[in-house]
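Below you'll find the structure, written out as structure tokens, and then a few comments.
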Amino acid sequence: MQDPPDWQRGHETARLLHDALLQVGVPETELTTLTARPDESGRPRVHVPRLSVESAERILAALAPYLGPAWIGHRDAAPIAPGRPG
């Protein structure tokens, strides 16, 4: 099976990122401009809109368990982080 063209991969990745950010609590209103478009060389790039501090904290909280021990216990770390009560 042939890989999809780069533009299609870019748009699919943007859609998946959009859906994932919704899952961690980033409001749809902040994600309306999340898209993929080509850069000056023609390569697709995913463009993430400016996020509120609250949305950035939600993303960090969701990533904390995967970023390792240095992130566990941060004020905004996910309550499911290893070693923290849930």
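Residues are referred to by chain and number: the chain letter is A, B, ... according to the order shown in the structure tokens, the number counts from 1 in that chain, and ligands are numbered separately from 1 in the order shown.
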- [ ] Give the helix (DSSP H, G or I) residues of chain A, as DSSP finds them on the backbone, and put them as a PyMOL selection string.
- [x] chain A and resi 6-23+28-31+53-67
Task: All residues 9 Å or closer to Gly25 of chain A, only C-alpha atoms, same chain fewer than 6 positions away omitted, as a PyMOL selection string - done: chain A and resi 55+58-59
Could you dump the residues just selected with N, CA and C atoms as a short mmCIF file (atom, residue, chain, number, x, y, z; two decimals), in the first residue's frame?
```
data_model
loop_
_atom_site.label_atom_id
_atom_site.label_comp_id
_atom_site.auth_asym_id
_atom_site.auth_seq_id
_atom_site.Cartn_x
_atom_site.Cartn_y
_atom_site.Cartn_z
N SER A 55 -5.10 26.58 28.68
CA SER A 55 -5.01 25.48 27.73
C SER A 55 -3.61 24.88 27.71
N ARG A 58 -3.31 22.67 30.62
CA ARG A 58 -4.01 21.40 30.40
C ARG A 58 -3.14 20.44 29.58
N ILE A 59 -2.48 20.97 28.57
CA ILE A 59 -1.61 20.13 27.73
C ILE A 59 -0.45 19.60 28.56
#
```
TODO: May I have the residues within 12 Å of Thr29 of chain A as a list in words, using only C-alpha atoms and disregarding those fewer than 2 positions away in the same chain?
DONE: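 Answer for this query is His18, Leu21, Leu22, Gly25, Val26, Pro27, Leu31, Thr32, Thr33, Leu34, Pro49, Arg50, Leu51, Ser52 and Ser55 of chain A.
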- [ ] With a distance cut-off of 8 Å and only C-alpha atoms, select the neighbouring residues of segment 8-17 of chain A, excluding the residue or stretch itself and same-chain residues fewer than 5 positions from it, and output the selection as a VMD selection string.
- [x] chain A and resid 34 to 37 44 to 47
Task: Minimum-distance residue to Glu30 of chain A, chosen among A:Leu67, A:Leu60, A:Pro5, A:Glu54 (using only C-alpha atoms) - done: A:Glu54
Open item on the list: Quick check, in Å to one decimal: how far apart do atom CA of Gln2 of chain A and atom CA of Ser41 of chain A lie?
Closed with: 23.2 Å
Open item on the list: Please return, as a ChimeraX atom specification, all residues of chain A that DSSP assigns to strand (DSSP E or B) on the basis of the backbone.
Closed with: /A:35-38,44-47
